[in-house]
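Source file: query-v8.cif. Holds: mmCIF, C-alpha atoms.
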data_protein
loop_
_atom_site.group_PDB
_atom_site.id
_atom_site.type_symbol
_atom_site.label_atom_id
_atom_site.label_comp_id
_atom_site.auth_asym_id
_atom_site.auth_seq_id
_atom_site.Cartn_x
_atom_site.Cartn_y
_atom_site.Cartn_z
ATOM 1 C CA MET S 1 -21.785 10.552 -26.014
ATOM 2 C CA VAL S 2 -21.025 7.251 -27.689
ATOM 3 C CA VAL S 3 -19.991 4.495 -25.282
ATOM 4 C CA SER S 4 -17.142 2.145 -26.111
ATOM 5 C CA THR S 5 -17.709 -1.561 -26.603
ATOM 6 C CA GLY S 6 -14.842 -2.595 -24.363
ATOM 7 C CA GLY S 7 -11.547 -4.238 -25.299
ATOM 8 C CA LYS S 8 -8.013 -3.054 -24.658
ATOM 9 C CA ARG S 9 -8.136 0.372 -26.247
ATOM 10 C CA ILE S 10 -7.235 3.559 -24.409
ATOM 11 C CA TYR S 11 -6.373 7.147 -25.260
ATOM 12 C CA LEU S 12 -2.733 8.146 -24.881
ATOM 13 C CA ALA S 13 -2.452 11.813 -23.956
ATOM 14 C CA SER S 14 1.181 12.154 -25.002
ATOM 15 C CA ARG S 15 3.228 13.079 -28.067
ATOM 16 C CA SER S 16 6.110 10.818 -27.015
ATOM 17 C CA PRO S 17 7.014 8.146 -29.583
ATOM 18 C CA ARG S 18 8.714 6.197 -26.776
ATOM 19 C CA ARG S 19 5.421 5.877 -24.898
ATOM 20 C CA ARG S 20 3.708 4.702 -28.062
ATOM 21 C CA GLU S 21 6.376 2.029 -28.549
ATOM 22 C CA LEU S 22 6.113 0.854 -24.948
ATOM 23 C CA LEU S 23 2.323 0.545 -25.046
ATOM 24 C CA ALA S 24 2.605 -1.409 -28.286
ATOM 25 C CA GLN S 25 5.195 -3.636 -26.614
ATOM 26 C CA ILE S 26 2.631 -4.859 -24.070
ATOM 27 C CA GLY S 27 -0.146 -5.145 -26.643
ATOM 28 C CA VAL S 28 -2.338 -2.210 -25.617
ATOM 29 C CA GLY S 29 -4.334 -0.630 -28.415
ATOM 30 C CA PHE S 30 -4.557 3.128 -28.212
ATOM 31 C CA GLU S 31 -5.653 6.300 -29.943
ATOM 32 C CA LEU S 32 -3.621 9.488 -29.623
ATOM 33 C CA LEU S 33 -5.314 12.307 -27.748
ATOM 34 C CA LEU S 34 -3.025 15.278 -28.259
ATOM 35 C CA LEU S 35 -3.144 18.196 -25.818
ATOM 36 C CA ARG S 36 -1.854 21.673 -26.655
ATOM 37 C CA GLU S 37 1.708 22.078 -25.364
ATOM 38 C CA ASP S 38 2.814 25.393 -26.881
ATOM 39 C CA PRO S 39 2.691 28.081 -24.133
ATOM 40 C CA LEU S 40 2.349 30.790 -26.790
ATOM 41 C CA ARG S 41 -0.886 29.224 -28.023
ATOM 42 C CA GLY S 42 -2.208 28.439 -24.553
ATOM 43 C CA ALA S 43 -0.984 25.059 -23.327
ATOM 44 C CA ASP S 44 -3.683 22.793 -21.905
ATOM 45 C CA VAL S 45 -1.454 22.010 -18.904
ATOM 46 C CA ASP S 46 1.043 24.460 -17.413
ATOM 47 C CA GLU S 47 4.167 22.387 -16.770
ATOM 48 C CA THR S 48 6.026 25.094 -14.853
ATOM 49 C CA PRO S 49 7.247 23.794 -11.463
ATOM 50 C CA GLN S 50 5.706 25.636 -8.539
ATOM 51 C CA PRO S 51 7.984 27.387 -5.998
ATOM 52 C CA GLY S 52 9.239 24.868 -3.462
ATOM 53 C CA GLU S 53 7.472 21.969 -5.175
ATOM 54 C CA ALA S 54 9.138 18.599 -4.544
ATOM 55 C CA PRO S 55 10.033 16.671 -7.726
ATOM 56 C CA HIS S 56 7.731 13.718 -6.977
ATOM 57 C CA ASP S 57 4.854 16.120 -6.297
ATOM 58 C CA TYR S 58 5.611 17.898 -9.568
ATOM 59 C CA VAL S 59 5.430 14.812 -11.818
ATOM 60 C CA ALA S 60 2.334 13.560 -9.985
ATOM 61 C CA ARG S 61 0.577 16.906 -10.454
ATOM 62 C CA ILE S 62 1.417 17.149 -14.155
ATOM 63 C CA SER S 63 0.439 13.571 -15.040
ATOM 64 C CA LEU S 64 -2.826 13.948 -13.135
ATOM 65 C CA ALA S 65 -3.612 17.246 -14.857
ATOM 66 C CA LYS S 66 -2.913 15.734 -18.292
ATOM 67 C CA ALA S 67 -5.105 12.684 -17.631
ATOM 68 C CA GLU S 68 -7.992 14.772 -16.300
ATOM 69 C CA THR S 69 -7.696 17.313 -19.121
ATOM 70 C CA GLY S 70 -7.623 14.459 -21.612
ATOM 71 C CA TRP S 71 -10.814 12.996 -20.163
ATOM 72 C CA LEU S 72 -12.446 16.426 -20.384
ATOM 73 C CA ARG S 73 -11.516 16.563 -24.080
ATOM 74 C CA VAL S 74 -13.063 13.114 -24.614
ATOM 75 C CA GLN S 75 -16.326 14.416 -23.198
ATOM 76 C CA GLN S 76 -16.203 17.717 -25.077
ATOM 77 C CA ARG S 77 -15.503 16.010 -28.412
ATOM 78 C CA ARG S 78 -18.073 13.245 -27.768
ATOM 79 C CA LEU S 79 -15.479 10.554 -28.397
ATOM 80 C CA LEU S 80 -15.729 6.897 -27.498
ATOM 81 C CA THR S 81 -15.170 6.685 -23.759
ATOM 82 C CA TYR S 82 -11.901 4.824 -23.517
ATOM 83 C CA PRO S 83 -9.752 5.520 -20.428
ATOM 84 C CA VAL S 84 -7.171 8.290 -20.844
ATOM 85 C CA LEU S 85 -3.559 7.526 -19.907
ATOM 86 C CA ALA S 86 -1.021 10.296 -19.335
ATOM 87 C CA ALA S 87 2.492 10.350 -17.938
ATOM 88 C CA ASP S 88 5.152 12.817 -16.930
ATOM 89 C CA THR S 89 8.874 12.180 -16.553
ATOM 90 C CA ALA S 90 11.456 14.286 -14.760
ATOM 91 C CA VAL S 91 15.193 13.829 -14.441
ATOM 92 C CA VAL S 92 16.183 14.994 -10.971
ATOM 93 C CA LEU S 93 19.684 15.856 -9.761
ATOM 94 C CA GLY S 94 19.505 16.740 -6.084
ATOM 95 C CA GLU S 95 16.391 18.901 -5.988
ATOM 96 C CA ARG S 96 16.846 20.235 -9.523
ATOM 97 C CA ILE S 97 14.161 19.166 -11.984
ATOM 98 C CA MET S 98 15.626 18.810 -15.468
ATOM 99 C CA GLY S 99 13.041 19.072 -18.209
ATOM 100 C CA LYS S 100 13.630 19.190 -21.944
ATOM 101 C CA PRO S 101 16.494 21.527 -22.878
ATOM 102 C CA SER S 102 15.611 24.680 -24.775
ATOM 103 C CA GLY S 103 18.531 24.196 -27.154
ATOM 104 C CA ARG S 104 21.976 22.699 -27.673
ATOM 105 C CA GLU S 105 23.736 24.898 -25.107
ATOM 106 C CA GLU S 106 21.331 23.982 -22.314
ATOM 107 C CA ALA S 107 21.538 20.316 -23.328
ATOM 108 C CA MET S 108 25.326 20.394 -22.940
ATOM 109 C CA GLU S 109 25.004 22.144 -19.560
ATOM 110 C CA MET S 110 22.597 19.459 -18.325
ATOM 111 C CA LEU S 111 24.829 16.619 -19.501
ATOM 112 C CA ALA S 112 27.853 18.206 -17.848
ATOM 113 C CA ALA S 113 25.881 18.420 -14.594
ATOM 114 C CA LEU S 114 24.900 14.720 -14.823
ATOM 115 C CA SER S 115 28.435 13.579 -15.719
ATOM 116 C CA GLY S 116 29.928 11.238 -13.114
ATOM 117 C CA LYS S 117 26.871 11.466 -10.829
ATOM 118 C CA THR S 118 23.820 9.419 -9.885
ATOM 119 C CA HIS S 119 20.479 11.031 -10.605
ATOM 120 C CA GLN S 120 16.870 9.975 -10.292
ATOM 121 C CA VAL S 121 14.274 9.562 -12.992
ATOM 122 C CA LEU S 122 10.705 9.996 -11.785
ATOM 123 C CA THR S 123 7.802 8.960 -13.989
ATOM 124 C CA SER S 124 4.234 9.372 -12.829
ATOM 125 C CA VAL S 125 1.464 7.602 -14.747
ATOM 126 C CA ALA S 126 -2.202 8.544 -14.395
ATOM 127 C CA VAL S 127 -5.365 7.028 -15.855
ATOM 128 C CA SER S 128 -8.704 8.846 -15.889
ATOM 129 C CA SER S 129 -12.135 7.504 -16.854
ATOM 130 C CA GLU S 130 -15.739 8.254 -15.927
ATOM 131 C CA GLY S 131 -14.808 10.672 -13.146
ATOM 132 C CA ARG S 132 -12.281 8.274 -11.594
ATOM 133 C CA VAL S 133 -8.525 8.763 -11.666
ATOM 134 C CA GLU S 134 -5.670 6.563 -10.414
ATOM 135 C CA GLN S 135 -1.935 7.145 -10.575
ATOM 136 C CA LYS S 136 1.370 5.482 -9.727
ATOM 137 C CA LEU S 137 4.950 6.710 -9.433
ATOM 138 C CA SER S 138 8.104 4.979 -10.664
ATOM 139 C CA VAL S 139 11.476 6.032 -9.201
ATOM 140 C CA SER S 140 14.752 4.882 -10.755
ATOM 141 C CA SER S 141 18.391 5.758 -10.130
ATOM 142 C CA VAL S 142 20.788 6.210 -13.041
ATOM 143 C CA GLN S 143 24.569 6.373 -12.687
ATOM 144 C CA PHE S 144 26.366 8.329 -15.419
ATOM 145 C CA ALA S 145 30.007 7.806 -16.323
ATOM 146 C CA MET S 146 32.345 10.787 -16.480
ATOM 147 C CA LEU S 147 31.802 12.536 -19.813
ATOM 148 C CA THR S 148 34.397 14.651 -21.552
ATOM 149 C CA LYS S 149 33.467 17.995 -23.074
ATOM 150 C CA ASP S 150 34.091 16.549 -26.515
ATOM 151 C CA VAL S 151 31.746 13.590 -25.938
ATOM 152 C CA ILE S 152 29.040 15.933 -24.643
ATOM 153 C CA ARG S 153 29.478 18.272 -27.606
ATOM 154 C CA ARG S 154 29.300 15.470 -30.183
ATOM 155 C CA TYR S 155 26.211 13.972 -28.555
ATOM 156 C CA ALA S 156 24.466 17.347 -28.438
ATOM 157 C CA ILE S 157 25.329 18.120 -32.081
ATOM 158 C CA GLY S 158 23.625 14.872 -33.082
ATOM 159 C CA GLY S 159 20.303 16.302 -31.912
ATOM 160 C CA GLU S 160 19.183 13.368 -29.768
ATOM 161 C CA PRO S 161 19.020 15.325 -26.466
ATOM 162 C CA LEU S 162 16.788 18.147 -27.668
ATOM 163 C CA ASP S 163 13.350 16.689 -26.905
ATOM 164 C CA LYS S 164 14.326 14.523 -23.932
ATOM 165 C CA ALA S 165 14.008 15.207 -20.213
ATOM 166 C CA GLY S 166 17.514 15.611 -18.816
ATOM 167 C CA ALA S 167 18.873 15.907 -22.373
ATOM 168 C CA TYR S 168 19.453 12.209 -22.972
ATOM 169 C CA ALA S 169 17.712 9.102 -24.316
ATOM 170 C CA VAL S 170 18.430 5.876 -22.437
ATOM 171 C CA GLN S 171 17.281 3.883 -25.487
ATOM 172 C CA GLY S 172 19.533 5.881 -27.806
ATOM 173 C CA ARG S 173 23.237 6.663 -28.027
ATOM 174 C CA ALA S 174 23.276 7.862 -24.425
ATOM 175 C CA ALA S 175 23.118 4.198 -23.366
ATOM 176 C CA ALA S 176 26.898 4.326 -23.737
ATOM 177 C CA PHE S 177 27.050 6.848 -20.863
ATOM 178 C CA ILE S 178 25.166 4.765 -18.297
ATOM 179 C CA GLU S 179 27.106 2.628 -15.831
ATOM 180 C CA LYS S 180 24.125 1.367 -13.852
ATOM 181 C CA ILE S 181 20.342 1.620 -13.558
ATOM 182 C CA GLU S 182 18.435 0.672 -10.429
ATOM 183 C CA GLY S 183 14.704 0.579 -11.014
ATOM 184 C CA SER S 184 12.618 0.526 -14.187
ATOM 185 C CA TYR S 185 14.285 0.768 -17.589
ATOM 186 C CA SER S 186 10.927 1.491 -19.209
ATOM 187 C CA GLY S 187 10.305 4.095 -16.513
ATOM 188 C CA VAL S 188 13.506 5.861 -17.510
ATOM 189 C CA MET S 189 12.276 5.762 -21.110
ATOM 190 C CA GLY S 190 9.073 7.484 -20.016
ATOM 191 C CA LEU S 191 6.441 4.828 -19.249
ATOM 192 C CA PRO S 192 7.061 2.245 -16.483
ATOM 193 C CA LEU S 193 5.343 -0.852 -17.829
ATOM 194 C CA TYR S 194 4.831 -2.615 -14.489
ATOM 195 C CA GLU S 195 2.994 0.334 -12.968
ATOM 196 C CA THR S 196 1.146 0.996 -16.219
ATOM 197 C CA THR S 197 -0.080 -2.595 -16.371
ATOM 198 C CA GLN S 198 -1.356 -2.361 -12.785
ATOM 199 C CA LEU S 199 -3.215 0.851 -13.515
ATOM 200 C CA LEU S 200 -4.828 -0.481 -16.668
ATOM 201 C CA ALA S 201 -5.936 -3.633 -14.856
ATOM 202 C CA ALA S 202 -7.666 -1.424 -12.282
ATOM 203 C CA PHE S 203 -9.752 -0.050 -15.161
ATOM 204 C CA GLY S 204 -10.570 -3.488 -16.545
ATOM 205 C CA ILE S 205 -7.887 -3.606 -19.210
ATOM 206 C CA GLU S 206 -5.906 -6.827 -18.804
ATOM 207 C CA VAL S 207 -2.617 -6.734 -20.663
ATOM 208 C CA LEU S 208 -1.595 -10.360 -20.167
#
Now, as a test, write the supplied structure out as structure tokens.
Amino acid sequence: MVVSTGGKRIYLASRSPRRRELLAQIGVGFELLLLREDPLRGADVDETPQPGEAPHDYVARISLAKAETGWLRVQQRRLLTYPVLAADTAVVLGERIMGKPSGREEAMEMLAALSGKTHQVLTSVAVSSEGRVEQKLSVSSVQFAMLTKDVIRRYAIGGEPLDKAGAYAVQGRAAAFIEKIEGSYSGVMGLPLYETTQLLAAFGIEVL
């Protein structure tokens, strides 16, 4: 296996363009390390919640599995040995974990459930390298305004909710729905930069 020469580079085990943007924001160089996500083709990580699994345990388990699977792929493909960063985000209302909606109807149902309520956004970040793995959890609270059926329908028709946990994008048009955020804005987007910076520093990658 070829060994890296150091520097700030990592592997990002995620397809999320938001996570790419956030890493670029803090000046971290990265290569994409894409895992299989299609269950029909054999997903690398099964993201199905386990019976009775608490939301914070769920996101921690998934991010850890993605980071460790990513590191395994680095070894199998004989890639440069940069650390592998993975993350998982869940929108949680009560004990309900809201993932990405399967279509427009489910997106509208999720948004109706969030309307006028405060929910949590949990994002777990994990970094794996050389048999070592570290992870951190970001917890934020988001207060939604009351949304009319017409507003929900028009937002869903626009397509923005369809690949987002909880069926909304805080950095998109759904910003108009949010009365208050307590916690990490970047964590709600999908990659809490404070926790990410701490994790990378633990692996010798200084952001600032």
Show me a table, sorted first by chain and then by increasing residue number, of the residues of region 18-104 of chain S having an atom at most 8 Å from region 133-154 of chain S, each with its shortest atom pair and the distance in Å to one decimal, counting all atoms listed in the file and written as a tab-separated table.
residue	atom	partner	partner_atom	distance
S:His56	CA	S:Leu137	CA	7.9
S:Ala60	CA	S:Leu137	CA	7.4
S:Leu64	CA	S:Gln135	CA	7.3
S:Ala67	CA	S:Val133	CA	7.9
S:Glu68	CA	S:Val133	CA	7.6
Excluding region 161-166 of chain S and residues on its chain fewer than 2 positions from it, collect all residues at most 6 Å away from it, counting only C-alpha atoms, and give them as a PyMOL selection string.
chain S and resi 91+98-101+159+168
For CA of Thr81 (chain S) and CA of Leu208 (chain S), quote the distance in Å rounded to one decimal.
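Rounded to one decimal, the two atoms are 22.1 Å apart.
CA of Tyr185 (chain S) is found 18.1 Å from CA of Ala86 (chain S).
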Please indicate the distance in Å from CA of Ala126 (chain S) to CA of Leu114 (chain S), rounded to one decimal place.
27.8 Å
Given all atoms listed in the file as the counted atoms, nearest of S:Thr89, S:Tyr82, S:Ser186, S:Tyr155 to Ala112 (chain S):
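When distances to Ala112 (chain S) are compared using all atoms listed in the file, the smallest one comes from S:Tyr155.
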Hits of the PyMOL selection byres ((chain S and resi 44) around 8) in this structure, as a list in words:
Leu35, Arg36, Glu37, Gly42, Ala43, Val45, Asp46, Lys66 and Thr69 of chain S
